[in-house]
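Chemist: The file below is data_21.cif, mmCIF, C-alpha atoms and all ligand atoms:
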data_data
loop_
_atom_site.group_PDB
_atom_site.id
_atom_site.type_symbol
_atom_site.label_atom_id
_atom_site.label_comp_id
_atom_site.auth_asym_id
_atom_site.auth_seq_id
_atom_site.Cartn_x
_atom_site.Cartn_y
_atom_site.Cartn_z
ATOM 1 C CA MET A 1 0.000 0.000 0.000
ATOM 2 C CA ALA A 2 1.565 3.316 -1.066
ATOM 3 C CA ARG A 3 2.060 6.002 1.581
ATOM 4 C CA LYS A 4 -0.423 8.840 1.082
ATOM 5 C CA ILE A 5 1.140 12.296 1.027
ATOM 6 C CA ILE A 6 0.202 15.905 0.363
ATOM 7 C CA ILE A 7 3.044 18.180 -0.784
ATOM 8 C CA ASP A 8 2.658 21.813 0.303
ATOM 9 C CA THR A 9 4.989 23.865 -1.824
ATOM 10 C CA ASP A 10 6.265 27.168 -3.262
ATOM 11 C CA PRO A 11 8.108 26.038 -6.437
ATOM 12 C CA GLY A 12 11.147 26.930 -6.573
ATOM 13 C CA GLN A 13 13.625 24.732 -8.431
ATOM 14 C CA ASP A 14 14.303 22.533 -5.397
ATOM 15 C CA ASP A 15 10.576 22.152 -4.755
ATOM 16 C CA ALA A 16 10.274 21.006 -8.383
ATOM 17 C CA VAL A 17 12.855 18.273 -7.847
ATOM 18 C CA ALA A 18 11.025 17.171 -4.691
ATOM 19 C CA ILE A 19 7.749 16.912 -6.613
ATOM 20 C CA LEU A 20 9.447 14.938 -9.400
ATOM 21 C CA LEU A 21 11.035 12.562 -6.877
ATOM 22 C CA ALA A 22 7.633 11.921 -5.300
ATOM 23 C CA LEU A 23 5.935 11.350 -8.662
ATOM 24 C CA ALA A 24 8.698 8.936 -9.692
ATOM 25 C CA SER A 25 8.290 6.809 -6.554
ATOM 26 C CA PRO A 26 5.554 4.152 -6.467
ATOM 27 C CA GLU A 27 5.956 3.909 -2.693
ATOM 28 C CA LEU A 28 4.162 7.252 -2.488
ATOM 29 C CA GLU A 29 0.648 8.302 -3.507
ATOM 30 C CA VAL A 30 0.465 12.062 -4.007
ATOM 31 C CA LEU A 31 -3.109 12.912 -2.995
ATOM 32 C CA GLY A 32 -2.574 16.518 -4.001
ATOM 33 C CA ILE A 33 -0.162 19.419 -4.261
ATOM 34 C CA THR A 34 -1.124 22.527 -2.280
ATOM 35 C CA CYS A 35 0.615 25.737 -3.271
ATOM 36 C CA VAL A 36 1.566 28.631 -1.039
ATOM 37 C CA ALA A 37 3.196 32.018 -1.590
ATOM 38 C CA GLY A 38 6.890 31.899 -0.783
ATOM 39 C CA ASN A 39 9.790 31.813 -3.221
ATOM 40 C CA VAL A 40 7.536 33.697 -5.632
ATOM 41 C CA PRO A 41 3.933 34.942 -5.351
ATOM 42 C CA LEU A 42 1.052 32.453 -5.379
ATOM 43 C CA PRO A 43 0.051 32.827 -9.061
ATOM 44 C CA LEU A 44 3.551 31.690 -9.998
ATOM 45 C CA THR A 45 3.792 28.867 -7.479
ATOM 46 C CA THR A 46 0.494 27.421 -8.737
ATOM 47 C CA LYS A 47 1.676 27.779 -12.356
ATOM 48 C CA ASN A 48 5.066 26.233 -11.602
ATOM 49 C CA ALA A 49 3.588 23.272 -9.719
ATOM 50 C CA ARG A 50 1.413 22.411 -12.719
ATOM 51 C CA MET A 51 4.291 22.820 -15.172
ATOM 52 C CA VAL A 52 6.314 20.340 -13.098
ATOM 53 C CA CYS A 53 3.446 17.836 -13.037
ATOM 54 C CA GLU A 54 3.146 18.117 -16.827
ATOM 55 C CA LEU A 55 6.920 17.721 -17.216
ATOM 56 C CA ALA A 56 6.476 14.429 -15.325
ATOM 57 C CA GLN A 57 3.516 13.614 -17.613
ATOM 58 C CA ARG A 58 1.168 13.631 -14.614
ATOM 59 C CA PRO A 59 -1.603 16.092 -15.548
ATOM 60 C CA ASP A 60 -3.881 13.980 -13.320
ATOM 61 C CA ILE A 61 -2.328 15.359 -10.140
ATOM 62 C CA LYS A 62 -4.623 17.733 -8.249
ATOM 63 C CA VAL A 63 -2.996 21.140 -7.706
ATOM 64 C CA PHE A 64 -4.593 23.672 -5.348
ATOM 65 C CA ALA A 65 -4.008 27.367 -4.707
ATOM 66 C CA GLY A 66 -3.585 28.238 -1.042
ATOM 67 C CA CYS A 67 -2.657 31.305 0.965
ATOM 68 C CA ASP A 68 -1.192 34.240 -0.925
ATOM 69 C CA LYS A 69 0.492 35.826 2.090
ATOM 70 C CA PRO A 70 1.661 34.949 5.589
ATOM 71 C CA LEU A 71 -0.709 34.929 8.572
ATOM 72 C CA ALA A 72 0.384 38.230 10.036
ATOM 73 C CA ARG A 73 3.099 39.764 7.887
ATOM 74 C CA ALA A 74 3.851 41.018 4.407
ATOM 75 C CA LEU A 75 5.111 38.371 1.987
ATOM 76 C CA VAL A 76 8.866 38.087 1.523
ATOM 77 C CA THR A 77 9.887 36.342 -1.703
ATOM 78 C CA ALA A 78 13.191 34.930 -3.026
ATOM 79 C CA GLU A 79 13.496 35.888 -6.682
ATOM 80 C CA HIS A 80 17.159 36.657 -5.970
ATOM 81 C CA VAL A 81 17.630 32.907 -5.508
ATOM 82 C CA HIS A 82 15.063 31.325 -7.819
ATOM 83 C CA GLY A 83 14.721 33.978 -10.545
ATOM 84 C CA LYS A 84 11.656 36.036 -11.420
ATOM 85 C CA THR A 85 9.608 33.016 -12.529
ATOM 86 C CA GLY A 86 10.664 30.895 -9.567
ATOM 87 C CA LEU A 87 11.760 28.186 -12.015
ATOM 88 C CA ASP A 88 14.454 30.051 -13.930
ATOM 89 C CA GLY A 89 16.976 27.867 -15.739
ATOM 90 C CA ILE A 90 14.679 26.419 -18.350
ATOM 91 C CA THR A 91 11.536 27.664 -20.081
ATOM 92 C CA LEU A 92 8.693 25.155 -19.850
ATOM 93 C CA PRO A 93 5.399 25.457 -21.738
ATOM 94 C CA ASP A 94 2.577 27.142 -19.854
ATOM 95 C CA PRO A 95 0.461 24.531 -18.051
ATOM 96 C CA GLU A 96 -2.696 23.174 -19.674
ATOM 97 C CA MET A 97 -3.892 21.159 -16.658
ATOM 98 C CA PRO A 98 -6.420 23.024 -14.537
ATOM 99 C CA LEU A 99 -5.993 24.379 -11.062
ATOM 100 C CA GLN A 100 -8.517 22.772 -8.703
ATOM 101 C CA ASP A 101 -11.448 24.974 -7.666
ATOM 102 C CA ALA A 102 -11.157 24.188 -3.962
ATOM 103 C CA HIS A 103 -8.840 26.250 -1.768
ATOM 104 C CA ALA A 104 -5.754 24.370 -0.608
ATOM 105 C CA VAL A 105 -6.718 24.781 3.041
ATOM 106 C CA ASP A 106 -10.133 23.221 2.410
ATOM 107 C CA PHE A 107 -8.453 20.361 0.533
ATOM 108 C CA LEU A 108 -6.102 19.754 3.475
ATOM 109 C CA ILE A 109 -8.984 19.737 5.978
ATOM 110 C CA ASP A 110 -11.356 17.652 3.840
ATOM 111 C CA THR A 111 -8.677 15.092 2.966
ATOM 112 C CA LEU A 112 -7.505 14.632 6.556
ATOM 113 C CA ARG A 113 -11.123 14.224 7.694
ATOM 114 C CA ARG A 114 -11.971 11.782 4.859
ATOM 115 C CA GLU A 115 -8.920 9.528 4.911
ATOM 116 C CA ALA A 116 -8.465 7.125 7.823
ATOM 117 C CA ALA A 117 -6.788 8.774 10.801
ATOM 118 C CA GLY A 118 -3.014 8.401 10.785
ATOM 119 C CA THR A 119 -2.744 7.565 7.087
ATOM 120 C CA VAL A 120 -1.860 10.927 5.489
ATOM 121 C CA THR A 121 1.604 12.525 5.684
ATOM 122 C CA LEU A 122 2.046 16.242 5.039
ATOM 123 C CA CYS A 123 5.246 17.395 3.295
ATOM 124 C CA PRO A 124 5.490 21.182 3.634
ATOM 125 C CA ILE A 125 8.460 22.518 1.649
ATOM 126 C CA GLY A 126 7.633 26.225 1.714
ATOM 127 C CA PRO A 127 6.292 28.678 4.296
ATOM 128 C CA LEU A 128 3.807 26.977 6.650
ATOM 129 C CA THR A 129 0.871 29.326 6.067
ATOM 130 C CA ASN A 130 -1.494 26.744 4.526
ATOM 131 C CA ILE A 131 -0.767 24.118 7.180
ATOM 132 C CA ALA A 132 -1.198 26.529 10.092
ATOM 133 C CA THR A 133 -4.401 27.973 8.620
ATOM 134 C CA ALA A 134 -5.866 24.473 8.285
ATOM 135 C CA MET A 135 -4.913 23.671 11.895
ATOM 136 C CA GLN A 136 -6.463 26.913 13.166
ATOM 137 C CA ARG A 137 -9.668 26.412 11.183
ATOM 138 C CA ALA A 138 -10.027 22.689 11.989
ATOM 139 C CA PRO A 139 -8.065 21.659 15.100
ATOM 140 C CA ASP A 140 -9.606 18.196 14.824
ATOM 141 C CA ILE A 141 -7.310 17.377 11.884
ATOM 142 C CA ILE A 142 -4.140 17.606 14.000
ATOM 143 C CA GLY A 143 -4.695 14.225 15.634
ATOM 144 C CA ARG A 144 -5.412 12.669 12.230
ATOM 145 C CA ILE A 145 -2.048 13.590 10.656
ATOM 146 C CA GLN A 146 0.271 10.583 10.264
ATOM 147 C CA GLU A 147 3.410 12.766 10.225
ATOM 148 C CA ILE A 148 4.584 16.173 9.070
ATOM 149 C CA VAL A 149 7.938 15.984 7.245
ATOM 150 C CA LEU A 150 8.979 19.538 6.500
ATOM 151 C CA MET A 151 11.952 21.407 5.113
ATOM 152 C CA GLY A 152 12.742 24.396 7.293
ATOM 153 C CA GLY A 153 14.814 25.855 10.061
ATOM 154 C CA ALA A 154 18.446 25.542 11.034
ATOM 155 C CA TYR A 155 20.625 25.174 14.117
ATOM 156 C CA PHE A 156 24.355 24.714 13.445
ATOM 157 C CA GLU A 157 23.921 26.244 9.976
ATOM 158 C CA VAL A 158 22.036 29.274 11.365
ATOM 159 C CA GLY A 159 20.106 31.354 8.811
ATOM 160 C CA ASN A 160 20.064 31.736 5.035
ATOM 161 C CA ILE A 161 17.672 34.690 4.659
ATOM 162 C CA THR A 162 18.831 36.488 7.835
ATOM 163 C CA PRO A 163 21.765 35.649 10.093
ATOM 164 C CA ALA A 164 19.302 33.814 12.361
ATOM 165 C CA ALA A 165 16.506 32.386 10.223
ATOM 166 C CA GLU A 166 15.912 29.963 7.362
ATOM 167 C CA PHE A 167 13.585 31.221 4.592
ATOM 168 C CA ASN A 168 10.529 28.954 4.998
ATOM 169 C CA ILE A 169 10.272 29.696 8.705
ATOM 170 C CA TYR A 170 11.204 33.376 8.346
ATOM 171 C CA VAL A 171 8.471 34.131 5.807
ATOM 172 C CA ASP A 172 5.733 33.026 8.202
ATOM 173 C CA PRO A 173 7.056 32.563 11.744
ATOM 174 C CA GLU A 174 3.599 32.769 13.292
ATOM 175 C CA ALA A 175 2.517 29.838 11.097
ATOM 176 C CA ALA A 176 5.634 27.899 12.038
ATOM 177 C CA LYS A 177 4.933 28.514 15.730
ATOM 178 C CA ILE A 178 1.466 26.972 15.292
ATOM 179 C CA VAL A 179 2.770 23.933 13.403
ATOM 180 C CA PHE A 180 5.710 23.260 15.746
ATOM 181 C CA GLY A 181 3.378 23.623 18.735
ATOM 182 C CA ALA A 182 0.487 21.543 17.373
ATOM 183 C CA GLY A 183 1.683 18.189 18.685
ATOM 184 C CA ALA A 184 1.476 16.275 15.403
ATOM 185 C CA PRO A 185 4.435 13.911 14.756
ATOM 186 C CA LEU A 186 7.004 16.263 13.222
ATOM 187 C CA THR A 187 10.217 15.546 11.315
ATOM 188 C CA VAL A 188 12.332 18.566 10.370
ATOM 189 C CA MET A 189 14.876 18.773 7.540
ATOM 190 C CA PRO A 190 16.863 21.913 8.431
ATOM 191 C CA LEU A 191 19.713 23.604 6.583
ATOM 192 C CA ASP A 192 22.013 21.505 8.797
ATOM 193 C CA VAL A 193 21.037 18.601 6.546
ATOM 194 C CA THR A 194 20.163 20.259 3.244
ATOM 195 C CA HIS A 195 23.470 22.135 3.027
ATOM 196 C CA LYS A 196 25.081 18.690 2.862
ATOM 197 C CA ALA A 197 22.856 17.612 -0.048
ATOM 198 C CA LEU A 198 24.874 19.598 -2.567
ATOM 199 C CA THR A 199 24.990 19.086 -6.307
ATOM 200 C CA ASN A 200 28.377 18.879 -7.984
ATOM 201 C CA ARG A 201 29.534 18.682 -11.570
ATOM 202 C CA ALA A 202 29.337 14.879 -11.792
ATOM 203 C CA ARG A 203 25.852 14.772 -10.297
ATOM 204 C CA VAL A 204 24.522 17.546 -12.541
ATOM 205 C CA ASP A 205 26.140 15.968 -15.608
ATOM 206 C CA ALA A 206 24.394 12.705 -14.731
ATOM 207 C CA PHE A 207 21.027 14.495 -14.770
ATOM 208 C CA ARG A 208 21.922 16.240 -18.044
ATOM 209 C CA ALA A 209 22.891 12.954 -19.700
ATOM 210 C CA MET A 210 19.537 11.301 -18.963
ATOM 211 C CA PRO A 211 17.308 10.570 -21.955
ATOM 212 C CA GLY A 212 14.075 12.522 -22.186
ATOM 213 C CA ARG A 213 13.267 15.997 -20.805
ATOM 214 C CA VAL A 214 13.198 15.568 -17.039
ATOM 215 C CA GLY A 215 16.876 14.935 -16.244
ATOM 216 C CA PRO A 216 18.076 17.821 -18.450
ATOM 217 C CA ALA A 217 15.453 20.096 -16.857
ATOM 218 C CA VAL A 218 16.766 19.263 -13.383
ATOM 219 C CA ALA A 219 20.314 20.017 -14.577
ATOM 220 C CA SER A 220 19.221 23.388 -15.985
ATOM 221 C CA TRP A 221 17.450 24.285 -12.754
ATOM 222 C CA THR A 222 20.427 23.411 -10.577
ATOM 223 C CA ASP A 223 22.771 25.298 -12.933
ATOM 224 C CA PHE A 224 20.662 28.391 -12.249
ATOM 225 C CA PHE A 225 19.886 27.724 -8.598
ATOM 226 C CA GLU A 226 23.482 26.954 -7.553
ATOM 227 C CA ARG A 227 24.934 30.386 -8.345
ATOM 228 C CA TYR A 228 23.386 31.978 -5.208
ATOM 229 C CA ASP A 229 24.866 29.428 -2.775
ATOM 230 C CA LYS A 230 28.181 29.248 -4.601
ATOM 231 C CA GLU A 231 28.549 33.032 -4.343
ATOM 232 C CA LYS A 232 27.388 33.274 -0.715
ATOM 233 C CA TYR A 233 28.891 30.147 0.823
ATOM 234 C CA GLY A 234 31.537 29.224 -1.720
ATOM 235 C CA SER A 235 29.809 25.852 -1.813
ATOM 236 C CA GLU A 236 30.475 23.282 -4.535
ATOM 237 C CA GLY A 237 26.916 23.271 -5.832
ATOM 238 C CA ALA A 238 23.239 23.838 -5.122
ATOM 239 C CA PRO A 239 21.721 22.502 -1.886
ATOM 240 C CA LEU A 240 18.735 20.343 -2.812
ATOM 241 C CA HIS A 241 16.736 21.382 0.240
ATOM 242 C CA ASP A 242 13.211 20.187 -0.479
ATOM 243 C CA PRO A 243 13.909 16.740 -2.004
ATOM 244 C CA CYS A 244 15.377 15.740 1.392
ATOM 245 C CA THR A 245 11.807 15.475 2.746
ATOM 246 C CA ILE A 246 10.719 13.037 0.045
ATOM 247 C CA ALA A 247 13.989 11.084 0.223
ATOM 248 C CA TYR A 248 13.359 10.692 3.965
ATOM 249 C CA LEU A 249 9.994 9.089 3.260
ATOM 250 C CA LEU A 250 11.630 6.700 0.802
ATOM 251 C CA CYS A 251 14.887 5.906 2.640
ATOM 252 C CA PRO A 252 14.857 7.261 6.222
ATOM 253 C CA GLU A 253 18.118 5.445 6.890
ATOM 254 C CA LEU A 254 19.909 8.071 4.783
ATOM 255 C CA PHE A 255 19.291 10.614 7.549
ATOM 256 C CA SER A 256 20.100 10.936 11.245
ATOM 257 C CA GLY A 257 18.849 13.326 13.891
ATOM 258 C CA ARG A 258 17.494 13.736 17.397
ATOM 259 C CA GLU A 259 14.114 14.033 19.122
ATOM 260 C CA ILE A 260 14.408 17.504 20.649
ATOM 261 C CA ASN A 261 12.503 20.633 21.522
ATOM 262 C CA VAL A 262 12.314 23.278 18.802
ATOM 263 C CA GLU A 263 10.681 26.653 19.406
ATOM 264 C CA ILE A 264 10.115 29.470 16.918
ATOM 265 C CA GLU A 265 11.107 33.074 17.571
ATOM 266 C CA THR A 266 8.222 35.407 16.724
ATOM 267 C CA GLY A 267 8.874 38.333 19.104
ATOM 268 C CA SER A 268 12.329 39.620 18.237
ATOM 269 C CA GLU A 269 12.884 41.455 14.947
ATOM 270 C CA LEU A 270 16.586 40.631 15.304
ATOM 271 C CA THR A 271 16.102 36.851 15.376
ATOM 272 C CA LEU A 272 12.600 36.580 13.868
ATOM 273 C CA GLY A 273 11.945 33.091 12.498
ATOM 274 C CA MET A 274 14.866 31.451 14.262
ATOM 275 C CA THR A 275 14.332 27.773 15.085
ATOM 276 C CA VAL A 276 15.607 27.590 18.649
ATOM 277 C CA ALA A 277 16.626 23.933 18.576
ATOM 278 C CA ASP A 278 17.556 22.446 21.947
ATOM 279 C CA TRP A 279 20.078 20.084 20.304
ATOM 280 C CA TRP A 280 22.004 19.654 23.578
ATOM 281 C CA ARG A 281 18.798 19.258 25.628
ATOM 282 C CA VAL A 282 19.632 21.998 28.136
ATOM 283 C CA THR A 283 16.195 23.565 28.524
ATOM 284 C CA GLY A 284 14.185 20.682 29.869
ATOM 285 C CA ARG A 285 11.465 21.563 27.362
ATOM 286 C CA SER A 286 9.710 18.481 25.980
ATOM 287 C CA ALA A 287 10.697 17.169 22.569
ATOM 288 C CA ASN A 288 8.311 18.183 19.782
ATOM 289 C CA ALA A 289 10.368 17.355 16.696
ATOM 290 C CA ARG A 290 12.701 14.823 15.134
ATOM 291 C CA PHE A 291 15.312 17.365 14.037
ATOM 292 C CA MET A 292 17.671 15.986 11.419
ATOM 293 C CA GLY A 293 21.376 16.713 11.567
ATOM 294 C CA ASP A 294 23.060 14.617 8.877
ATOM 295 C CA VAL A 295 22.507 12.916 5.532
ATOM 296 C CA ASP A 296 24.372 10.309 3.475
ATOM 297 C CA ALA A 297 24.786 12.599 0.462
ATOM 298 C CA GLU A 298 26.081 9.848 -1.835
ATOM 299 C CA GLY A 299 23.088 7.693 -0.990
ATOM 300 C CA PHE A 300 20.718 10.643 -1.394
ATOM 301 C CA PHE A 301 21.951 11.429 -4.902
ATOM 302 C CA ALA A 302 22.019 7.756 -5.889
ATOM 303 C CA LEU A 303 18.334 7.561 -4.946
ATOM 304 C CA LEU A 304 17.497 10.848 -6.655
ATOM 305 C CA LEU A 305 19.283 9.966 -9.900
ATOM 306 C CA GLU A 306 17.763 6.484 -10.034
ATOM 307 C CA ARG A 307 14.237 7.823 -9.523
ATOM 308 C CA ILE A 308 14.415 10.874 -11.791
ATOM 309 C CA ALA A 309 15.715 8.617 -14.558
ATOM 310 C CA ARG A 310 12.431 6.712 -14.381
ATOM 311 C CA LEU A 311 10.393 9.745 -15.519
HETATM 312 O O1 LIG A 401 15.562 27.800 2.762
HETATM 313 C C1 LIG A 401 15.305 26.859 1.735
HETATM 314 C C2 LIG A 401 13.841 26.790 1.468
HETATM 315 O O2 LIG A 401 13.386 28.061 1.013
HETATM 316 C C3 LIG A 401 13.494 25.807 0.334
HETATM 317 O O3 LIG A 401 12.209 25.276 0.560
HETATM 318 C C4 LIG A 401 13.474 26.677 -0.885
HETATM 319 O O4 LIG A 401 12.585 26.207 -1.900
HETATM 320 C C5 LIG A 401 12.923 27.955 -0.321
HETATM 321 O O5 LIG A 401 11.505 27.839 -0.299
HETATM 322 CA CA CA A 402 10.460 25.445 -1.143
#
Just dump the structure as structure tokens.
Ligand code: RIB
Ligand code: CA
Modeler:
Amino acid sequence: MARKIIIDTDPGQDDAVAILLALASPELEVLGITCVAGNVPLPLTTKNARMVCELAQRPDIKVFAGCDKPLARALVTAEHVHGKTGLDGITLPDPEMPLQDAHAVDFLIDTLRREAAGTVTLCPIGPLTNIATAMQRAPDIIGRIQEIVLMGGAYFEVGNITPAAEFNIYVDPEAAKIVFGAGAPLTVMPLDVTHKALTNRARVDAFRAMPGRVGPAVASWTDFFERYDKEKYGSEGAPLHDPCTIAYLLCPELFSGREINVEIETGSELTLGMTVADWWRVTGRSANARFMGDVDAEGFFALLLERIARL
């Protein structure tokens, strides 16, 4: 029986690779893709999500538009990283598949109420606005979530959008506070992990050499996406942040981490959106997250290459 998942996303080149990895993996059943404003505004994230589904020849996938701005703040976007379209690096045809009529938050609530309790995993890979809104509107769904496996936050790596905060959490810290405090089983893929999931020339060349359109598209996206991190960190390649969530569902043994307490800073402008991860367990606060700290990068890319080649 395939594991049922909903991907909540703000595509973004790395989001696109995460979606492709999920669609290439028969172990997973993608019940729907819910889009949120983040890397780029909502009209672009909904367009990009559908273009990625069509690239994977999966126009059957249900794509929903969600929240177009954070719960309590103005939207901060990341065109400086992802380009003005959010999927710069290759030009894909405009999507023909329709956007679903229902709002993403209603889809999240209705699906979690309809499916058997404990059988649906949420994979948020953008700001947590949709997830938090669903929890606020329908608290009964929290106990029905099998697991939340999200990309966000940082501890040893500290921030990527400010010195203290990672982008997904920073954009909507109030939403993150709700999700991290909800009590649903939570697995976190922070920058501490995703900055170790770096592309390099050999890995990108392997994508580019794949037959068909998908591998070369991934190579073009990472060629574009890597320049920001190379310039800022001097890193070898692009960190494939979001695919780490899907890879965890497929091969959890590739990752290691700890059950710890993680709180979200929402009061200080200086450290807004910081994930205060009690990695050394000094606070006595109860654990609310499995916070990942390491990844077998070779194994991660072996999985990713093998699966993307199937599309
Ligand atoms: O900080 C990395 C995260 O922000 C990733 O999800 C990337 O897509 C951007 O949304
Ligand atoms: Ca993302």
Chemist: Using only C-alpha atoms and all ligand atoms, which residues have at least one atom no more than 8 Å from ligand LIG 401 (chain A)? Output them as a PyMOL selection string.
Modeler: chain A and resi 9-15+38-39+78+125-127+151-153+160-161+166-168+191+241-242
Chemist: Expand the PyMOL selection byres (((chain A and resi 170-176) around 8) and not hetatm) into the individual residues it matches in the shown file, reporting them as a PyMOL selection string.
Modeler: chain A and resi 38+70-73+75-77+127-129+131-133+161+165-169+177-180+264-266+272-274
Chemist: Axis-aligned box over every listed atom of segment 289-297 of chain A, padded by 3 Å per side: centre and edges in Å to one decimal, as lines of an AutoDock Vina configuration file?
Modeler:
center_x = 17.6
center_y = 13.8
center_z = 8.6
size_x = 20.4
size_y = 13.1
size_z = 22.2
Chemist: Which polymer residues have any atom within 10 Å of an atom of segment 193-206 of chain A, counting all atoms listed in the file, with same-chain residues fewer than 6 positions away left out, as a ChimeraX atom specification?
Modeler: /A:151-152,154,156-157,215-216,218-223,226,229,233,235-245,255-257,291-302,304-305,309
Chemist: Calculated over only C-alpha atoms and all ligand atoms, which of the candidates A:Lys62, A:Val81, A:Ala217, A:Leu23 has the smallest distance to ligand CA 402 (chain A)?
Modeler: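 Ranked by minimum distance to ligand CA 402 (chain A), first place goes to A:Val81.
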Chemist: Step by step, work through what the PyMOL selection byres (((chain A and resi 308) around 9) and not hetatm) selects in the shown file, and finish by giving those residues as a ChimeraX atom specification.
Modeler: /A:17,20-21,24,207,210,214-215,218,303-307,309-311
Chemist: For Arg285 of chain A, list every protein, DNA or RNA residue within 9 Å, evaluated using all atoms listed in the file, and leave out those in the same chain fewer than 5 positions away; present the list as number ranges by chain.
Modeler: A: 260-262, 278
